[in-house]
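Participant: Please find target_39.cif (mmCIF, C-alpha atoms) on the next line:
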```
data_model
loop_
_atom_site.label_atom_id
_atom_site.label_comp_id
_atom_site.auth_asym_id
_atom_site.auth_seq_id
_atom_site.Cartn_x
_atom_site.Cartn_y
_atom_site.Cartn_z
CA MET A 210 55.84 30.79 132.94
CA ASN A 211 52.52 32.33 134.00
CA ILE A 212 50.17 34.42 131.89
CA HIS A 213 47.14 36.57 132.63
CA GLU A 214 43.54 35.35 132.66
CA TYR A 215 42.58 37.18 129.47
CA GLN A 216 45.58 35.67 127.65
CA ALA A 217 44.69 32.18 128.86
CA LYS A 218 41.10 32.63 127.71
CA GLN A 219 42.20 33.71 124.24
CA LEU A 220 44.42 30.63 123.91
CA LEU A 221 41.65 28.34 125.11
CA ARG A 222 39.12 30.03 122.81
CA ASP A 223 41.43 29.26 119.89
CA TYR A 224 41.16 25.56 120.81
CA GLY A 225 37.39 25.63 121.00
CA VAL A 226 36.82 26.22 124.72
CA ALA A 227 33.71 28.34 125.30
CA VAL A 228 34.56 31.57 127.17
CA PRO A 229 32.61 34.82 127.66
CA LYS A 230 33.37 37.71 125.29
CA GLY A 231 35.68 40.35 126.66
CA GLY A 232 38.66 42.62 126.08
CA VAL A 233 41.72 43.90 127.91
CA ALA A 234 42.11 47.55 128.89
CA PHE A 235 45.03 49.61 130.19
CA THR A 236 43.11 52.86 130.80
CA VAL A 237 39.67 53.90 131.99
CA ASP A 238 38.72 55.02 128.48
CA GLU A 239 39.78 51.68 127.01
CA ALA A 240 37.68 49.88 129.63
CA ALA A 241 34.62 51.92 128.68
CA ALA A 242 35.25 51.22 124.99
CA GLN A 243 35.46 47.48 125.65
CA ALA A 244 32.19 47.62 127.58
CA GLU A 245 30.48 49.48 124.73
CA LYS A 246 31.53 46.70 122.33
CA LEU A 247 29.95 44.11 124.63
CA GLY A 248 26.68 46.00 124.82
CA GLY A 249 25.67 44.93 128.33
CA PRO A 250 23.47 44.82 130.28
CA VAL A 251 25.90 43.16 132.73
CA TYR A 252 29.67 43.61 132.77
CA VAL A 253 32.41 42.03 134.83
CA VAL A 254 35.52 44.14 135.50
CA LYS A 255 38.53 42.03 136.52
CA SER A 256 41.95 43.08 137.77
CA GLN A 257 44.69 41.23 135.88
CA ILE A 258 47.54 40.13 138.13
CA HIS A 259 49.36 36.82 138.48
CA ALA A 260 47.58 35.78 141.66
CA GLY A 261 44.35 34.12 142.70
CA GLY A 262 41.75 35.36 145.16
CA ARG A 263 41.25 38.63 143.29
CA GLY A 264 37.55 38.85 144.01
CA ALA A 265 38.08 38.59 147.75
CA GLY A 266 41.19 40.79 147.66
CA LYS A 267 41.45 44.33 148.98
CA PHE A 268 43.17 47.36 147.55
CA GLU A 269 45.95 48.94 149.55
CA GLY A 270 44.64 51.71 151.76
CA LYS A 271 41.04 50.48 151.34
CA PRO A 272 40.71 47.39 153.56
CA LYS A 273 36.91 47.63 153.51
CA GLY A 274 36.57 48.51 149.84
CA LYS A 275 35.42 46.40 146.92
CA GLY A 276 37.62 43.62 145.57
CA GLY A 277 39.49 43.12 142.33
CA VAL A 278 36.55 41.50 140.47
CA ARG A 279 33.28 43.42 140.20
CA VAL A 280 29.94 42.80 138.50
CA VAL A 281 28.37 46.06 137.29
CA THR A 282 25.39 47.11 135.15
CA SER A 283 26.35 50.41 133.51
CA LEU A 284 29.17 52.10 131.62
CA ASP A 285 29.57 54.60 134.47
CA GLU A 286 30.17 51.72 136.88
CA VAL A 287 32.69 50.21 134.46
CA ARG A 288 34.56 53.52 134.45
CA GLU A 289 34.37 53.79 138.22
CA SER A 290 35.64 50.25 138.74
CA ALA A 291 38.45 50.71 136.23
CA GLY A 292 39.51 53.90 137.97
CA ASP A 293 39.47 52.16 141.33
CA MET A 294 41.68 49.32 140.04
CA LEU A 295 44.22 50.65 137.56
CA GLY A 296 47.44 51.79 139.16
CA LYS A 297 46.37 50.51 142.58
CA VAL A 298 47.94 47.71 144.63
CA LEU A 299 45.70 44.68 145.07
CA ILE A 300 46.38 42.44 148.06
CA THR A 301 45.14 38.85 148.02
CA LYS A 302 46.04 35.77 150.04
CA GLN A 303 48.31 34.71 147.19
CA THR A 304 50.16 38.01 146.75
CA GLY A 305 51.17 38.36 150.38
CA PRO A 306 50.99 41.72 152.20
CA ALA A 307 53.04 43.51 149.52
CA GLY A 308 50.29 42.93 146.93
CA LYS A 309 50.61 43.57 143.19
CA GLU A 310 49.95 46.72 141.21
CA VAL A 311 47.09 46.40 138.72
CA LYS A 312 48.32 47.63 135.35
CA ARG A 313 45.62 46.09 133.16
CA ILE A 314 42.02 44.98 133.57
CA TYR A 315 39.70 42.68 131.67
CA VAL A 316 36.15 43.75 130.85
CA GLU A 317 33.89 40.79 130.19
CA GLU A 318 30.24 40.17 129.44
CA GLY A 319 28.05 38.90 132.25
CA CYS A 320 27.05 35.25 132.40
CA ASP A 321 23.84 33.49 133.43
CA ILE A 322 25.33 31.04 135.96
CA ALA A 323 23.27 28.01 136.88
CA ARG A 324 26.09 25.96 138.47
CA GLU A 325 29.75 26.54 139.36
CA LEU A 326 32.21 23.66 138.93
CA TYR A 327 35.97 23.14 138.92
CA LEU A 328 38.19 21.71 136.17
CA GLY A 329 41.95 21.36 136.13
CA MET A 330 44.64 19.53 134.22
CA LEU A 331 48.17 18.74 135.33
CA LEU A 332 50.83 16.06 135.50
CA ASP A 333 50.17 13.71 138.41
CA ARG A 334 53.66 12.80 139.60
CA GLU A 335 52.35 9.85 141.60
CA THR A 336 51.07 8.10 138.46
CA SER A 337 53.40 9.81 135.95
CA ARG A 338 50.34 10.54 133.84
CA LEU A 339 48.46 13.59 132.75
CA THR A 340 45.36 13.87 134.89
CA MET A 341 42.17 15.86 134.51
CA MET A 342 40.54 16.78 137.80
CA ALA A 343 37.03 18.02 138.38
CA SER A 344 34.82 18.93 141.29
CA THR A 345 31.30 20.14 141.96
CA GLU A 346 32.80 22.71 144.35
CA GLY A 347 33.50 25.44 141.83
CA GLY A 348 34.75 28.81 143.06
CA MET A 349 36.64 27.23 145.96
CA GLU A 350 40.37 26.56 146.03
CA ILE A 351 40.95 22.94 145.11
CA GLU A 352 43.38 22.55 148.05
CA GLU A 353 40.57 23.41 150.46
CA VAL A 354 38.25 20.93 148.77
CA ALA A 355 40.93 18.22 148.93
CA HIS A 356 41.39 18.84 152.65
CA ALA A 357 37.73 19.14 153.68
CA THR A 358 35.87 16.92 151.19
CA PRO A 359 38.32 14.85 149.13
CA GLU A 360 35.50 12.61 147.92
CA LYS A 361 34.23 15.55 145.86
CA ILE A 362 37.32 15.54 143.64
CA LEU A 363 37.03 13.41 140.51
CA LYS A 364 40.09 12.34 138.54
CA VAL A 365 40.72 10.73 135.17
CA SER A 366 44.23 9.43 134.59
CA ILE A 367 44.93 9.68 130.87
CA ASP A 368 46.51 6.76 129.05
CA PRO A 369 49.44 8.19 127.05
CA ALA A 370 48.86 5.61 124.30
CA THR A 371 45.34 6.83 123.53
CA GLY A 372 45.31 10.36 124.87
CA MET A 373 42.15 11.70 126.42
CA THR A 374 39.09 10.01 124.93
CA PRO A 375 35.45 11.11 124.72
CA GLU A 376 34.73 8.33 127.21
CA ASP A 377 37.15 9.89 129.71
CA ALA A 378 35.46 13.26 129.31
CA ARG A 379 31.99 11.73 129.55
CA GLU A 380 32.94 10.04 132.83
CA LEU A 381 33.88 13.41 134.32
CA ALA A 382 30.83 15.20 132.90
CA LEU A 383 28.43 12.67 134.41
CA GLY A 384 30.39 12.68 137.67
CA LEU A 385 29.84 16.44 137.85
CA GLY A 386 26.10 15.91 137.50
CA MET A 387 25.77 17.34 134.00
CA GLU A 388 22.51 16.40 132.34
CA GLU A 389 22.45 14.04 129.37
CA GLY A 390 22.17 15.87 126.11
CA LYS A 391 23.36 19.43 125.65
CA GLN A 392 25.19 19.75 128.98
CA VAL A 393 27.13 16.51 128.67
CA ASP A 394 27.93 17.14 125.00
CA SER A 395 29.12 20.67 125.79
CA GLY A 396 31.18 19.40 128.71
CA ILE A 397 32.86 16.69 126.62
CA LYS A 398 33.74 19.20 123.90
CA LEU A 399 35.28 21.60 126.41
CA MET A 400 37.31 18.94 128.22
CA LEU A 401 38.76 17.50 125.02
CA ALA A 402 39.67 21.02 123.90
CA VAL A 403 41.43 21.69 127.22
CA TYR A 404 43.41 18.47 126.82
CA LYS A 405 44.46 19.36 123.28
CA ALA A 406 45.56 22.84 124.38
CA PHE A 407 47.54 21.37 127.27
CA ILE A 408 49.42 18.96 125.00
CA GLU A 409 50.05 21.22 122.03
CA LEU A 410 51.08 24.29 124.06
CA ASP A 411 53.35 22.37 126.49
CA ALA A 412 51.35 23.64 129.46
CA SER A 413 52.22 22.59 133.00
CA ILE A 414 48.78 23.40 134.40
CA ILE A 415 45.39 24.55 133.15
CA GLU A 416 42.84 25.49 135.81
CA ILE A 417 39.30 26.65 135.16
CA ASN A 418 37.68 27.82 138.38
CA PRO A 419 34.84 28.27 138.08
CA LEU A 420 33.73 26.21 135.14
CA VAL A 421 30.06 27.09 134.81
CA VAL A 422 26.92 25.57 133.42
CA THR A 423 24.79 28.42 132.10
CA GLY A 424 21.04 28.77 132.27
CA ASN A 425 20.66 27.45 128.73
CA GLY A 426 22.87 24.40 129.38
CA ASP A 427 26.17 25.55 127.88
CA VAL A 428 29.43 24.72 129.69
CA MET A 429 31.83 27.65 129.80
CA ALA A 430 35.18 28.70 131.32
CA LEU A 431 34.40 31.71 133.52
CA ASP A 432 38.00 31.99 134.72
CA ALA A 433 41.23 30.49 133.41
CA LYS A 434 44.77 30.00 134.66
CA MET A 435 47.59 28.59 132.53
CA ASN A 436 51.23 27.90 133.33
CA PHE A 437 53.80 26.70 130.83
CA ASP A 438 56.93 24.59 130.92
CA ASP A 439 59.82 27.07 130.61
CA ASN A 440 61.95 24.37 128.99
CA ALA A 441 59.53 24.16 126.06
CA LEU A 442 59.17 27.87 125.35
CA PHE A 443 61.71 27.69 122.52
CA ARG A 444 58.97 25.88 120.59
CA HIS A 445 56.36 28.54 121.36
CA LYS A 446 57.65 32.03 120.65
CA ASP A 447 54.06 33.28 120.55
CA ILE A 448 53.51 32.02 124.10
CA GLU A 449 56.82 33.45 125.29
CA ALA A 450 55.74 36.83 123.93
CA LEU A 451 52.84 36.82 126.44
CA ARG A 452 55.26 37.02 129.37
CA ASP A 453 54.58 40.00 131.64
CA GLU A 454 57.88 40.80 133.34
CA ASP A 455 56.18 43.40 135.55
CA GLU A 456 54.47 40.51 137.35
CA GLU A 457 57.73 38.75 138.18
CA ASP A 458 60.08 39.30 141.10
CA PRO A 459 62.99 41.43 139.76
CA ALA A 460 65.61 39.13 141.29
CA GLU A 461 63.92 36.01 139.88
CA LEU A 462 63.69 37.68 136.48
CA GLU A 463 67.39 38.60 136.55
CA ALA A 464 68.27 35.06 137.61
CA SER A 465 66.40 33.58 134.66
CA LYS A 466 68.50 35.70 132.30
CA HIS A 467 71.60 33.92 133.63
CA GLU A 468 70.01 30.44 133.58
CA LEU A 469 69.83 30.34 137.38
CA ASN A 470 66.97 28.72 139.30
CA TYR A 471 66.15 31.27 141.99
CA ILE A 472 63.12 31.69 144.22
CA LYS A 473 62.95 34.38 146.89
CA LEU A 474 61.86 33.33 150.37
CA ASP A 475 61.30 35.18 153.65
CA GLY A 476 64.36 34.21 155.70
CA SER A 477 67.71 35.87 156.36
CA ILE A 478 70.28 33.27 155.20
CA GLY A 479 71.06 33.34 151.50
CA CYS A 480 71.80 29.95 149.89
CA MET A 481 73.83 29.10 146.81
CA VAL A 482 73.85 25.40 145.97
CA ASN A 483 74.35 23.21 142.90
CA GLY A 484 71.47 20.80 142.41
CA ALA A 485 67.81 21.13 143.32
CA GLY A 486 67.83 18.22 145.78
CA LEU A 487 70.92 19.51 147.57
CA ALA A 488 69.39 22.99 147.67
CA MET A 489 66.26 21.62 149.36
CA ALA A 490 68.37 19.68 151.87
CA THR A 491 70.42 22.80 152.58
CA MET A 492 67.31 24.84 153.33
CA ASP A 493 65.95 22.07 155.57
CA ILE A 494 69.15 21.88 157.62
CA ILE A 495 69.28 25.66 158.02
CA LYS A 496 65.76 25.46 159.51
CA LEU A 497 66.81 22.51 161.68
CA LYS A 498 69.68 24.56 163.10
CA GLY A 499 67.40 27.48 163.98
CA GLY A 500 67.78 29.72 160.93
CA ALA A 501 65.55 30.57 157.96
CA PRO A 502 66.58 30.43 154.27
CA ALA A 503 66.20 33.64 152.26
CA ASN A 504 66.08 31.89 148.91
CA PHE A 505 66.30 28.76 146.84
CA LEU A 506 69.16 29.09 144.36
CA ASP A 507 70.45 26.27 142.18
CA VAL A 508 73.42 27.32 140.03
CA GLY A 509 73.21 24.06 138.09
CA GLY A 510 75.84 21.53 137.16
CA GLY A 511 77.56 23.49 134.42
CA ALA A 512 77.79 26.98 135.87
CA THR A 513 80.61 29.30 134.86
CA LYS A 514 82.55 31.70 137.04
CA GLU A 515 80.48 34.54 135.60
CA ARG A 516 77.19 32.79 136.39
CA VAL A 517 78.30 32.11 139.95
CA THR A 518 79.22 35.79 140.31
CA GLU A 519 75.76 36.82 139.14
CA ALA A 520 74.17 34.33 141.53
CA PHE A 521 76.07 35.85 144.42
CA LYS A 522 75.01 39.37 143.45
CA ILE A 523 71.35 38.29 143.14
CA ILE A 524 71.41 36.81 146.65
CA LEU A 525 72.86 40.02 148.04
CA SER A 526 70.26 42.15 146.26
CA ASP A 527 67.82 40.96 148.94
CA ALA A 528 68.04 43.39 151.86
CA ASN A 529 66.81 40.65 154.22
CA VAL A 530 69.97 38.58 153.67
CA LYS A 531 72.16 38.75 156.79
CA GLY A 532 74.47 35.87 155.89
CA ILE A 533 75.26 33.49 153.04
CA LEU A 534 75.81 29.75 152.93
CA VAL A 535 77.47 28.29 149.83
CA ASN A 536 77.13 24.51 149.67
CA ILE A 537 78.71 22.85 146.65
CA PHE A 538 79.19 19.20 145.80
CA GLY A 539 81.61 19.21 142.88
CA GLY A 540 80.83 16.67 140.21
CA ILE A 541 80.34 18.27 136.82
CA MET A 542 80.63 21.58 138.66
CA ARG A 543 84.24 22.00 139.82
CA CYS A 544 84.87 23.45 143.26
CA ASP A 545 87.59 25.80 141.99
CA ILE A 546 85.12 27.41 139.56
CA ILE A 547 82.71 28.03 142.43
CA ALA A 548 85.52 29.42 144.58
CA GLU A 549 86.62 31.82 141.84
CA GLY A 550 83.06 33.05 141.41
CA VAL A 551 82.53 33.50 145.14
CA VAL A 552 85.75 35.44 145.56
CA ALA A 553 85.09 37.62 142.51
CA ALA A 554 81.54 38.40 143.59
CA ALA A 555 82.47 39.09 147.22
CA LYS A 556 85.08 41.59 146.09
CA GLU A 557 82.80 43.22 143.52
CA VAL A 558 79.92 43.83 145.93
CA SER A 559 82.05 44.62 148.99
CA LEU A 560 80.65 41.76 151.06
CA ASP A 561 79.56 42.91 154.52
CA VAL A 562 77.66 39.85 155.81
CA PRO A 563 79.03 36.54 157.13
CA LEU A 564 79.89 33.96 154.47
CA VAL A 565 80.20 30.22 155.12
CA VAL A 566 81.38 27.94 152.34
CA ARG A 567 81.30 24.15 152.25
CA LEU A 568 82.98 22.54 149.25
CA GLU A 569 83.24 18.85 148.47
CA GLY A 570 84.18 16.94 145.33
CA THR A 571 86.15 17.74 142.19
CA ASN A 572 89.11 20.09 142.77
CA VAL A 573 88.04 20.75 146.36
CA GLU A 574 91.62 21.36 147.55
CA LYS A 575 92.18 23.91 144.81
CA GLY A 576 88.86 25.60 145.63
CA ASN A 577 89.68 25.85 149.32
CA GLN A 578 93.11 27.28 148.49
CA ILE A 579 91.58 29.95 146.26
CA MET A 580 89.35 31.10 149.10
CA ALA A 581 92.15 30.93 151.68
CA ASP A 582 94.37 33.10 149.47
CA SER A 583 91.60 35.64 148.77
CA GLY A 584 92.08 37.63 151.96
CA LEU A 585 88.32 37.56 152.50
CA PRO A 586 86.74 36.57 155.86
CA ILE A 587 85.30 33.33 154.47
CA ILE A 588 84.32 30.74 157.07
CA ALA A 589 85.14 27.22 155.88
CA ALA A 590 82.95 24.26 156.87
CA ASP A 591 83.68 20.54 156.96
CA ASP A 592 80.19 19.26 156.11
CA LEU A 593 76.64 20.50 155.64
CA GLY A 594 75.66 20.22 159.29
CA ASP A 595 78.77 22.14 160.32
CA ALA A 596 78.09 24.77 157.64
CA ALA A 597 74.50 25.32 158.79
CA GLU A 598 75.54 25.66 162.43
CA LYS A 599 78.25 28.16 161.54
CA ILE A 600 76.09 30.41 159.37
CA VAL A 601 73.20 30.45 161.86
CA LYS A 602 75.63 31.32 164.67
CA ALA A 603 77.38 33.99 162.59
CA VAL A 604 74.09 35.68 161.64
CA LYS A 605 72.92 35.73 165.25
CA GLU A 606 76.23 37.19 166.45
CA ALA A 607 76.15 39.86 163.74
CA ALA A 608 72.59 40.95 164.59
#
```
Could I get this structure in the form of structure tokens?
Facilitator:
Amino acid sequence: MNIHEYQAKQLLRDYGVAVPKGGVAFTVDEAAAQAEKLGGPVYVVKSQIHAGGRGAGKFEGKPKGKGGVRVVTSLDEVRESAGDMLGKVLITKQTGPAGKEVKRIYVEEGCDIARELYLGMLLDRETSRLTMMASTEGGMEIEEVAHATPEKILKVSIDPATGMTPEDARELALGLGMEEGKQVDSGIKLMLAVYKAFIELDASIIEINPLVVTGNGDVMALDAKMNFDDNALFRHKDIEALRDEDEEDPAELEASKHELNYIKLDGSIGCMVNGAGLAMATMDIIKLKGGAPANFLDVGGGATKERVTEAFKIILSDANVKGILVNIFGGIMRCDIIAEGVVAAAKEVSLDVPLVVRLEGTNVEKGNQIMADSGLPIIAADDLGDAAEKIVKAVKEAA
């Protein structure tokens, strides 16, 4: 689950991370009131959407206008910036061409920036350890730094027996070129606080970009991004309450309500598969055969007929879907349950695109019989390669 920058900063502030003062606003008047509380003389007005690159982004219809993050020096400019942002669609390299509507902004005090750095924390799957990363290249995307100058990325792999230690944090602080004394001490305090927040809140990533050293030597989070492990949200009702459903894809949101793992993609062949690995293989083979998957959808190992029906309807809610491939390996998930769900959904939505189904495993004969008796134009497949070829061909012929 993602949250907004201002929400992430409040959580980090609660753990002792230094962040600039600021407040959220949903209207122009609220933005001006927040600025008055701060007192100036410099304000930063930030669009709040779940996407990076806001400062370099452009608002729809104004390709040469100002971006979604602006530094201003008067209340009138705060009002003007808020008016330019609220209710407008901001397009960044992370939103794609559709962009995202700005429904809230964050008004923050200005900061005396001496240096911009990068700090991030995540689970490194190569080492199976939590890892804190840092770089002197603050303000840049860490992927670009890793590609162009990987030597500028510092990492500390955290021993799960000890947790992050002051020595770990000191190593990173010195590696970033922080000066002994106030800067290093401030850096150590911030890093240990980030680690504690990550652990206690069941975060999946914390990214501070830029992390800044101020003119007086303080180390501060100028931006903040936090993601959380959905599977742990039952332990954090306060975190779950921060969810902004307006920022989520409607189909993905609906899927989550039915315990379905769904991610919308840009292709034309809808996929319904049980198991994440099988779903990835299915999408790969569709590409290999000349098609393009429209989604990732894992119905899981214990799906019911009703859940399968909902999955089918979610796939078809995408207007780009011109055909559907169902690929099921029946283990815990029985093939007859999938077949019943497919038939029920196809009848309910009046299916008008080609449908290829490949079943294998538990109760496969019964599942195939259910589909054969349905009276629906379902194309059966012998294996995954055969299924991919058939759906790609059927979509091309129907175009």
Participant: Translate the PyMOL selection byres ((chain A and resi 428) around 8) into a concrete residue list for this structure, as a list of chain:residue names.
Facilitator: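 Matching residues under the PyMOL selection byres ((chain A and resi 428) around 8) are A:Ala227, A:Gln392, A:Ser395, A:Gly396, A:Leu399, A:Leu420, A:Val421, A:Val422, A:Thr423, A:Gly426, A:Asp427, A:Met429, A:Ala430.
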Participant: Select all residues near (33.4, 52.7, 127.9) (cut-off 10 Å, inclusive, file coordinates), counting only C-alpha atoms, and output them as a VMD selection string.
Facilitator: chain A and resid 237 to 248 283 to 288 291 316
Participant: Name every residue that the PyMOL selection byres ((chain A and resi 338-354) around 7) selects in this structure, writing the answer as a CSV table (one decimal) with C-alpha atoms, in the coordinates of the input with chains first and numbers rising.
Facilitator:
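The resulting file, out-v7.csv, is reproduced below:
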```csv
chain,number,residue,atom,x,y,z
A,325,GLU,CA,29.8,26.5,139.4
A,326,LEU,CA,32.2,23.7,138.9
A,327,TYR,CA,36.0,23.1,138.9
A,328,LEU,CA,38.2,21.7,136.2
A,329,GLY,CA,42.0,21.4,136.1
A,330,MET,CA,44.6,19.5,134.2
A,331,LEU,CA,48.2,18.7,135.3
A,332,LEU,CA,50.8,16.1,135.5
A,333,ASP,CA,50.2,13.7,138.4
A,336,THR,CA,51.1,8.1,138.5
A,337,SER,CA,53.4,9.8,136.0
A,355,ALA,CA,40.9,18.2,148.9
A,356,HIS,CA,41.4,18.8,152.6
A,357,ALA,CA,37.7,19.1,153.7
A,358,THR,CA,35.9,16.9,151.2
A,359,PRO,CA,38.3,14.8,149.1
A,361,LYS,CA,34.2,15.6,145.9
A,362,ILE,CA,37.3,15.5,143.6
A,363,LEU,CA,37.0,13.4,140.5
A,364,LYS,CA,40.1,12.3,138.5
A,365,VAL,CA,40.7,10.7,135.2
A,366,SER,CA,44.2,9.4,134.6
A,367,ILE,CA,44.9,9.7,130.9
A,381,LEU,CA,33.9,13.4,134.3
A,385,LEU,CA,29.8,16.4,137.8
A,418,ASN,CA,37.7,27.8,138.4
A,419,PRO,CA,34.8,28.3,138.1
A,420,LEU,CA,33.7,26.2,135.1
```
Participant: In Å, with one decimal, what is the gap from atom CA of A:Asp321 to atom CA of A:Lys230?
Facilitator: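 Computing it gives 13.2 Å between the two atoms.
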Participant: Quick check on the file I pasted: which residues fall under the PyMOL selection byres ((chain A and resi 523) around 12)? Write them as a short mmCIF file (atom, residue, chain, number, x, y, z; two decimals) with C-alpha atoms, in the coordinates of the input.
Facilitator:
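The resulting file, expr35.cif, is shown below:
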```cif
data_model
loop_
_atom_site.label_atom_id
_atom_site.label_comp_id
_atom_site.auth_asym_id
_atom_site.auth_seq_id
_atom_site.Cartn_x
_atom_site.Cartn_y
_atom_site.Cartn_z
CA ASP A 458 60.08 39.30 141.10
CA PRO A 459 62.99 41.43 139.76
CA ALA A 460 65.61 39.13 141.29
CA GLU A 461 63.92 36.01 139.88
CA LEU A 462 63.69 37.68 136.48
CA GLU A 463 67.39 38.60 136.55
CA ALA A 464 68.27 35.06 137.61
CA SER A 465 66.40 33.58 134.66
CA LYS A 466 68.50 35.70 132.30
CA HIS A 467 71.60 33.92 133.63
CA LEU A 469 69.83 30.34 137.38
CA ASN A 470 66.97 28.72 139.30
CA TYR A 471 66.15 31.27 141.99
CA ILE A 472 63.12 31.69 144.22
CA LYS A 473 62.95 34.38 146.89
CA GLY A 479 71.06 33.34 151.50
CA CYS A 480 71.80 29.95 149.89
CA MET A 481 73.83 29.10 146.81
CA ALA A 503 66.20 33.64 152.26
CA ASN A 504 66.08 31.89 148.91
CA PHE A 505 66.30 28.76 146.84
CA LEU A 506 69.16 29.09 144.36
CA VAL A 508 73.42 27.32 140.03
CA ARG A 516 77.19 32.79 136.39
CA VAL A 517 78.30 32.11 139.95
CA THR A 518 79.22 35.79 140.31
CA GLU A 519 75.76 36.82 139.14
CA ALA A 520 74.17 34.33 141.53
CA PHE A 521 76.07 35.85 144.42
CA LYS A 522 75.01 39.37 143.45
CA ILE A 524 71.41 36.81 146.65
CA LEU A 525 72.86 40.02 148.04
CA SER A 526 70.26 42.15 146.26
CA ASP A 527 67.82 40.96 148.94
CA ALA A 528 68.04 43.39 151.86
CA VAL A 530 69.97 38.58 153.67
CA ILE A 533 75.26 33.49 153.04
CA ALA A 554 81.54 38.40 143.59
CA ALA A 555 82.47 39.09 147.22
CA VAL A 558 79.92 43.83 145.93
#
```
Participant: What's the 9 Å shell around A:Pro229, counting all atoms listed in the file, without same-chain residues fewer than 5 positions away, as a PyMOL selection string?
Facilitator: chain A and resi 218+317-320+429-431
Participant: Need the shell around A:Phe437: protein/DNA/RNA residues with any atom at most 8 Å away, counting all atoms listed in the file. Skip same-chain ones fewer than 3 positions apart. Format as a list in words?
Facilitator: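 After dropping sequence-adjacent residues, the list is Met210, Asn211, Leu410, Asp411, Ala412, Ser413, Ile414, Ala441 and Leu442 of chain A.
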Participant: Since we have the selection now, will you write its residues out, keeping C-alpha atoms, as a PDB file, keeping the file's coordinate frame?
Facilitator:
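What ended up in selection_20.pdb:
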```
ATOM      1  CA  MET A 210      55.840  30.790 132.940  1.00  0.00           C
ATOM      2  CA  ASN A 211      52.520  32.330 134.000  1.00  0.00           C
ATOM      3  CA  LEU A 410      51.080  24.290 124.060  1.00  0.00           C
ATOM      4  CA  ASP A 411      53.350  22.370 126.490  1.00  0.00           C
ATOM      5  CA  ALA A 412      51.350  23.640 129.460  1.00  0.00           C
ATOM      6  CA  SER A 413      52.220  22.590 133.000  1.00  0.00           C
ATOM      7  CA  ILE A 414      48.780  23.400 134.400  1.00  0.00           C
ATOM      8  CA  ALA A 441      59.530  24.160 126.060  1.00  0.00           C
ATOM      9  CA  LEU A 442      59.170  27.870 125.350  1.00  0.00           C
TER      10      LEU A 442
END
```
